[in-house]
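File shown: entry15.cif (mmCIF, C-alpha atoms and all ligand atoms; chains and numbers go by the auth columns).
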data_my_file
loop_
_atom_site.group_PDB
_atom_site.id
_atom_site.type_symbol
_atom_site.label_atom_id
_atom_site.label_comp_id
_atom_site.label_asym_id
_atom_site.label_seq_id
_atom_site.Cartn_x
_atom_site.Cartn_y
_atom_site.Cartn_z
_atom_site.B_iso_or_equiv
_atom_site.auth_seq_id
_atom_site.auth_asym_id
ATOM 1 C CA MET A 1 31.409 1.063 70.653 0.00 1 Z
ATOM 2 C CA TYR A 2 28.152 1.157 68.751 0.00 2 Z
ATOM 3 C CA LEU A 3 25.137 -0.628 70.170 0.00 3 Z
ATOM 4 C CA GLU A 4 22.704 -2.012 67.614 0.00 4 Z
ATOM 5 C CA LEU A 5 19.370 -1.637 69.334 0.00 5 Z
ATOM 6 C CA GLU A 6 16.758 -2.885 66.903 0.00 6 Z
ATOM 7 C CA ALA A 7 16.498 -6.283 68.632 0.00 7 Z
ATOM 8 C CA ILE A 8 16.130 -4.541 71.999 0.00 8 Z
ATOM 9 C CA PHE A 9 13.491 -2.047 70.886 0.00 9 Z
ATOM 10 C CA ASN A 10 11.458 -4.758 69.137 0.00 10 Z
ATOM 11 C CA ARG A 11 11.209 -7.326 71.877 0.00 11 Z
ATOM 12 C CA GLU A 12 9.930 -7.015 75.436 0.00 12 Z
ATOM 13 C CA GLY A 13 12.373 -8.626 77.875 0.00 13 Z
ATOM 14 C CA ALA A 14 15.345 -8.378 75.526 0.00 14 Z
ATOM 15 C CA SER A 15 18.654 -7.318 76.987 0.00 15 Z
ATOM 16 C CA ARG A 16 22.274 -6.958 76.050 0.00 16 Z
ATOM 17 C CA GLU A 17 25.259 -6.655 78.356 0.00 17 Z
ATOM 18 C CA PHE A 18 28.523 -4.894 77.548 0.00 18 Z
ATOM 19 C CA ASP A 19 31.894 -4.699 79.253 0.00 19 Z
ATOM 20 C CA TYR A 20 34.644 -2.897 77.342 0.00 20 Z
ATOM 21 C CA SER A 21 37.131 -0.035 77.406 0.00 21 Z
ATOM 22 C CA PHE A 22 37.728 2.900 75.105 0.00 22 Z
ATOM 23 C CA ALA A 23 40.138 5.847 74.898 0.00 23 Z
ATOM 24 C CA LEU A 24 38.702 9.278 75.717 0.00 24 Z
ATOM 25 C CA PRO A 25 41.457 11.758 74.897 0.00 25 Z
ATOM 26 C CA ASP A 26 41.437 14.521 77.482 0.00 26 Z
ATOM 27 C CA GLU A 27 44.134 16.022 79.685 0.00 27 Z
ATOM 28 C CA LEU A 28 42.123 15.117 82.802 0.00 28 Z
ATOM 29 C CA ILE A 29 41.660 11.463 81.908 0.00 29 Z
ATOM 30 C CA ALA A 30 44.736 9.371 82.660 0.00 30 Z
ATOM 31 C CA SER A 31 43.475 5.945 81.618 0.00 31 Z
ATOM 32 C CA ASP A 32 41.110 4.220 79.263 0.00 32 Z
ATOM 33 C CA VAL A 33 37.464 4.449 80.254 0.00 33 Z
ATOM 34 C CA HIS A 34 36.040 1.117 81.331 0.00 34 Z
ATOM 35 C CA VAL A 35 32.317 0.689 80.734 0.00 35 Z
ATOM 36 C CA LYS A 36 30.198 -2.091 82.162 0.00 36 Z
ATOM 37 C CA GLY A 37 26.443 -2.320 82.027 0.00 37 Z
ATOM 38 C CA SER A 38 23.453 -3.347 80.005 0.00 38 Z
ATOM 39 C CA VAL A 39 20.611 -2.123 77.866 0.00 39 Z
ATOM 40 C CA TYR A 40 17.236 -3.781 78.281 0.00 40 Z
ATOM 41 C CA LYS A 41 13.535 -3.463 77.501 0.00 41 Z
ATOM 42 C CA LYS A 42 11.145 -3.832 80.375 0.00 42 Z
ATOM 43 C CA THR A 43 7.442 -2.872 80.438 0.00 43 Z
ATOM 44 C CA GLY A 44 7.894 -1.203 77.080 0.00 44 Z
ATOM 45 C CA ILE A 45 10.734 1.062 78.178 0.00 45 Z
ATOM 46 C CA VAL A 46 14.311 0.705 76.936 0.00 46 Z
ATOM 47 C CA THR A 47 16.840 1.593 79.613 0.00 47 Z
ATOM 48 C CA LEU A 48 20.604 1.913 79.452 0.00 48 Z
ATOM 49 C CA ASP A 49 22.303 1.401 82.795 0.00 49 Z
ATOM 50 C CA ALA A 50 26.090 1.478 83.023 0.00 50 Z
ATOM 51 C CA VAL A 51 29.006 2.430 85.210 0.00 51 Z
ATOM 52 C CA ALA A 52 32.012 4.099 83.614 0.00 52 Z
ATOM 53 C CA SER A 53 35.305 4.151 85.532 0.00 53 Z
ATOM 54 C CA TYR A 54 38.587 5.872 84.784 0.00 54 Z
ATOM 55 C CA THR A 55 41.657 7.388 86.465 0.00 55 Z
ATOM 56 C CA LEU A 56 41.469 11.134 86.932 0.00 56 Z
ATOM 57 C CA GLY A 57 44.745 13.008 86.510 0.00 57 Z
ATOM 58 C CA ALA A 58 44.497 16.639 87.657 0.00 58 Z
ATOM 59 C CA VAL A 59 46.215 19.209 89.849 0.00 59 Z
ATOM 60 C CA CYS A 60 44.856 20.743 93.049 0.00 60 Z
ATOM 61 C CA ALA A 61 43.324 24.166 92.395 0.00 61 Z
ATOM 62 C CA LYS A 62 44.792 25.511 95.638 0.00 62 Z
ATOM 63 C CA CYS A 63 48.234 23.924 96.104 0.00 63 Z
ATOM 64 C CA ASN A 64 49.022 22.474 92.634 0.00 64 Z
ATOM 65 C CA ALA A 65 49.660 19.001 94.049 0.00 65 Z
ATOM 66 C CA PRO A 66 49.068 16.262 91.466 0.00 66 Z
ATOM 67 C CA ILE A 67 45.817 14.350 91.946 0.00 67 Z
ATOM 68 C CA ARG A 68 45.242 10.815 90.729 0.00 68 Z
ATOM 69 C CA ARG A 69 42.086 9.036 91.727 0.00 69 Z
ATOM 70 C CA GLU A 70 39.701 6.436 90.448 0.00 70 Z
ATOM 71 C CA VAL A 71 36.369 7.917 89.406 0.00 71 Z
ATOM 72 C CA SER A 72 33.131 6.062 88.691 0.00 72 Z
ATOM 73 C CA VAL A 73 30.203 7.653 86.892 0.00 73 Z
ATOM 74 C CA ARG A 74 26.752 6.076 86.744 0.00 74 Z
ATOM 75 C CA ALA A 75 25.084 6.470 83.366 0.00 75 Z
ATOM 76 C CA GLN A 76 21.371 5.791 83.357 0.00 76 Z
ATOM 77 C CA HIS A 77 19.199 6.772 80.418 0.00 77 Z
ATOM 78 C CA THR A 78 15.865 5.993 78.860 0.00 78 Z
ATOM 79 C CA LEU A 79 16.275 5.413 75.134 0.00 79 Z
ATOM 80 C CA ILE A 80 13.623 6.082 72.527 0.00 80 Z
ATOM 81 C CA PRO A 81 13.889 5.159 68.835 0.00 81 Z
ATOM 82 C CA HIS A 82 12.762 8.570 67.590 0.00 82 Z
ATOM 83 C CA ALA A 83 11.394 11.752 69.122 0.00 83 Z
ATOM 84 C CA GLU A 84 7.810 10.819 69.971 0.00 84 Z
ATOM 85 C CA THR A 85 7.235 13.916 72.027 0.00 85 Z
ATOM 86 C CA GLN A 86 8.875 17.282 72.277 0.00 86 Z
ATOM 87 C CA GLU A 87 12.580 17.420 72.984 0.00 87 Z
ATOM 88 C CA ASP A 88 13.196 16.235 76.479 0.00 88 Z
ATOM 89 C CA ASP A 89 16.426 15.968 78.434 0.00 89 Z
ATOM 90 C CA ASP A 90 15.139 12.824 80.134 0.00 90 Z
ATOM 91 C CA TYR A 91 15.397 10.811 76.915 0.00 91 Z
ATOM 92 C CA ILE A 92 18.171 9.889 74.563 0.00 92 Z
ATOM 93 C CA VAL A 93 16.856 9.715 71.018 0.00 93 Z
ATOM 94 C CA VAL A 94 18.517 6.896 69.104 0.00 94 Z
ATOM 95 C CA ASP A 95 18.705 7.485 65.360 0.00 95 Z
ATOM 96 C CA ASN A 96 18.610 4.434 63.093 0.00 96 Z
ATOM 97 C CA MET A 97 18.445 2.085 66.102 0.00 97 Z
ATOM 98 C CA ARG A 98 22.160 2.628 66.596 0.00 98 Z
ATOM 99 C CA LEU A 99 23.712 4.246 69.669 0.00 99 Z
ATOM 100 C CA ASP A 100 27.246 5.620 69.875 0.00 100 Z
ATOM 101 C CA LEU A 101 27.907 4.476 73.433 0.00 101 Z
ATOM 102 C CA ASP A 102 31.395 6.043 73.680 0.00 102 Z
ATOM 103 C CA GLU A 103 29.970 9.454 72.848 0.00 103 Z
ATOM 104 C CA LEU A 104 27.120 9.151 75.359 0.00 104 Z
ATOM 105 C CA ILE A 105 29.413 7.919 78.147 0.00 105 Z
ATOM 106 C CA GLY A 106 31.924 10.678 77.338 0.00 106 Z
ATOM 107 C CA GLU A 107 29.186 13.305 77.771 0.00 107 Z
ATOM 108 C CA ASP A 108 28.140 11.779 81.082 0.00 108 Z
ATOM 109 C CA ILE A 109 31.741 11.820 82.313 0.00 109 Z
ATOM 110 C CA PHE A 110 32.251 15.501 81.493 0.00 110 Z
ATOM 111 C CA LEU A 111 28.863 16.489 82.931 0.00 111 Z
ATOM 112 C CA ALA A 112 29.780 14.776 86.205 0.00 112 Z
ATOM 113 C CA MET A 113 33.208 16.386 86.367 0.00 113 Z
ATOM 114 C CA PRO A 114 33.603 19.189 88.899 0.00 114 Z
ATOM 115 C CA TYR A 115 34.693 22.630 87.765 0.00 115 Z
ATOM 116 C CA ARG A 116 37.874 22.342 89.833 0.00 116 Z
ATOM 117 C CA PHE A 117 39.682 19.729 91.901 0.00 117 Z
ATOM 118 C CA LEU A 118 41.159 19.817 95.380 0.00 118 Z
ATOM 119 C CA CYS A 119 43.770 17.358 96.677 0.00 119 Z
ATOM 120 C CA LYS A 120 41.659 17.151 99.828 0.00 120 Z
ATOM 121 C CA GLU A 121 38.571 19.012 100.965 0.00 121 Z
ATOM 122 C CA ASP A 122 40.390 21.142 103.538 0.00 122 Z
ATOM 123 C CA CYS A 123 43.480 21.895 101.447 0.00 123 Z
ATOM 124 C CA LYS A 124 45.113 24.984 102.934 0.00 124 Z
ATOM 125 C CA GLY A 125 46.696 26.006 99.644 0.00 125 Z
ATOM 126 C CA LEU A 126 49.845 28.037 99.136 0.00 126 Z
ATOM 127 C CA CYS A 127 50.807 31.174 101.030 0.00 127 Z
ATOM 128 C CA PRO A 128 49.998 34.092 98.689 0.00 128 Z
ATOM 129 C CA GLN A 129 53.141 35.885 99.868 0.00 129 Z
ATOM 130 C CA CYS A 130 55.936 33.296 99.969 0.00 130 Z
ATOM 131 C CA GLY A 131 54.359 30.380 98.082 0.00 131 Z
ATOM 132 C CA GLN A 132 54.919 27.785 100.802 0.00 132 Z
ATOM 133 C CA ASP A 133 52.567 24.807 100.829 0.00 133 Z
ATOM 134 C CA LEU A 134 50.571 25.517 103.995 0.00 134 Z
ATOM 135 C CA ASN A 135 49.529 21.837 104.211 0.00 135 Z
ATOM 136 C CA ALA A 136 53.145 21.150 105.201 0.00 136 Z
ATOM 137 C CA GLY A 137 52.983 23.699 108.003 0.00 137 Z
ATOM 138 C CA PRO A 138 52.632 27.433 108.574 0.00 138 Z
ATOM 139 C CA CYS A 139 55.151 29.759 106.982 0.00 139 Z
ATOM 140 C CA SER A 140 56.742 32.693 108.738 0.00 140 Z
ATOM 141 C CA CYS A 141 54.794 35.381 106.844 0.00 141 Z
ATOM 142 C CA LYS A 142 51.851 35.581 109.230 0.00 142 Z
ATOM 143 C CA LYS A 143 54.012 35.980 112.275 0.00 143 Z
ATOM 144 C CA ALA A 144 56.121 38.757 110.839 0.00 144 Z
ATOM 145 C CA THR A 145 54.346 42.042 111.194 0.00 145 Z
ATOM 146 C CA ASP A 146 55.192 44.406 108.449 0.00 146 Z
ATOM 147 C CA PRO A 147 54.257 47.957 109.396 0.00 147 Z
ATOM 148 C CA ARG A 148 53.364 48.664 105.759 0.00 148 Z
ATOM 149 C CA TRP A 149 50.635 45.992 105.885 0.00 149 Z
ATOM 150 C CA ASP A 150 49.273 47.445 109.129 0.00 150 Z
ATOM 151 C CA ALA A 151 49.104 50.839 107.468 0.00 151 Z
ATOM 152 C CA LEU A 152 47.161 49.300 104.566 0.00 152 Z
ATOM 153 C CA LYS A 153 44.764 47.496 106.914 0.00 153 Z
ATOM 154 C CA ASP A 154 43.931 50.786 108.615 0.00 154 Z
ATOM 155 C CA LEU A 155 42.739 52.132 105.291 0.00 155 Z
ATOM 156 C CA PHE A 156 40.016 49.453 104.979 0.00 156 Z
HETATM 157 ZN ZN ZN B . 45.809 20.999 97.580 0.00 201 Z
HETATM 158 ZN ZN ZN B . 54.233 32.695 103.516 0.00 202 Z
#

What would the structure in this file look like if it were written as structure tokens?
Amino acid sequence: MYLELEAIFNREGASREFDYSFALPDELIASDVHVKGSVYKKTGIVTLDAVASYTLGAVCAKCNAPIRREVSVRAQHTLIPHAETQEDDDYIVVDNMRLDLDELIGEDIFLAMPYRFLCKEDCKGLCPQCGQDLNAGPCSCKKATDPRWDALKDLF
């Protein structure tokens, strides 16, 4: 969705609310992205404040279990109509008074996304030897003492 911002930039106290969904094609995003928020001008500053929510579809980095969870990302930005000062990460410069909200929200979603996902914080993962899911219980590998492993351990 594009937000036309001329009326917001030009009038103190102006505001506009939005509540919509858009498709963000990515293998990790298993639903449309729902965006709800507003853009408003207060004491001369134009602020965009929104919450984007979507269903994450990923696999656990340790045990490969599928992960599906609802994720919410807060998007809060100060908007300026053109670069008044030097480039600054704190501001979003809006060209032609027109903001591509989908693009901005998409960037916020990917910035907030962790580098990897775990099914739970203390996931035990898979046994490197037999591949058993150790969340389901210990495998027999650790108990079995292989003399060849003991010989290797002595080397280190
Ligand atoms: Zn896991
Ligand atoms: Zn094992």

List the neighbours of Asn135 in chain Z out to 7 Å using all atoms listed in the file; skip same-chain residues closer than 5 positions along the sequence, and give me the result as a PDB file with C-alpha atoms, in the frame of the given file.
ATOM      1  CA  CYS Z 123      43.480  21.895 101.447  1.00  0.00           C
ATOM      2  CA  LYS Z 124      45.113  24.984 102.934  1.00  0.00           C
ATOM      3  CA  GLY Z 125      46.696  26.006  99.644  1.00  0.00           C
TER       4      GLY Z 125
END

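If all atoms listed in the file are the atoms counted, then among Z:Leu118, Z:Val71, Z:Leu104, Z:Val46 the closest residue to Glu6 in chain Z is Z:Val46.
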
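For the file shown, the residue list from the PyMOL selection byres (((chain Z and resi 63) around 6) and not hetatm) reads Cys60, Lys62, Asn64, Ala65, Gly125 and Leu126 of chain Z.
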
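When all atoms listed in the file are used to compute distances to Tyr91 in chain Z, the closest of the residues Z:His77, Z:Lys120, Z:His34, Z:Lys41 turns out to be Z:His77.
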
Inset, instruction - Would you kindly translate the PyMOL selection byres (((not hetatm)) within 7 of (chain Z and resi 202)) into the concrete residues it picks from this file, as an MDAnalysis selection string? - result: chainID Z and resid 127:132 139:142

Inset, instruction - Pull out every residue that the PyMOL selection byres (((chain Z and resi 92-95) around 8) and not hetatm) matches in the shown coordinates and put them as a PyMOL selection string. - result: chain Z and resi 77-83+89-91+96-99
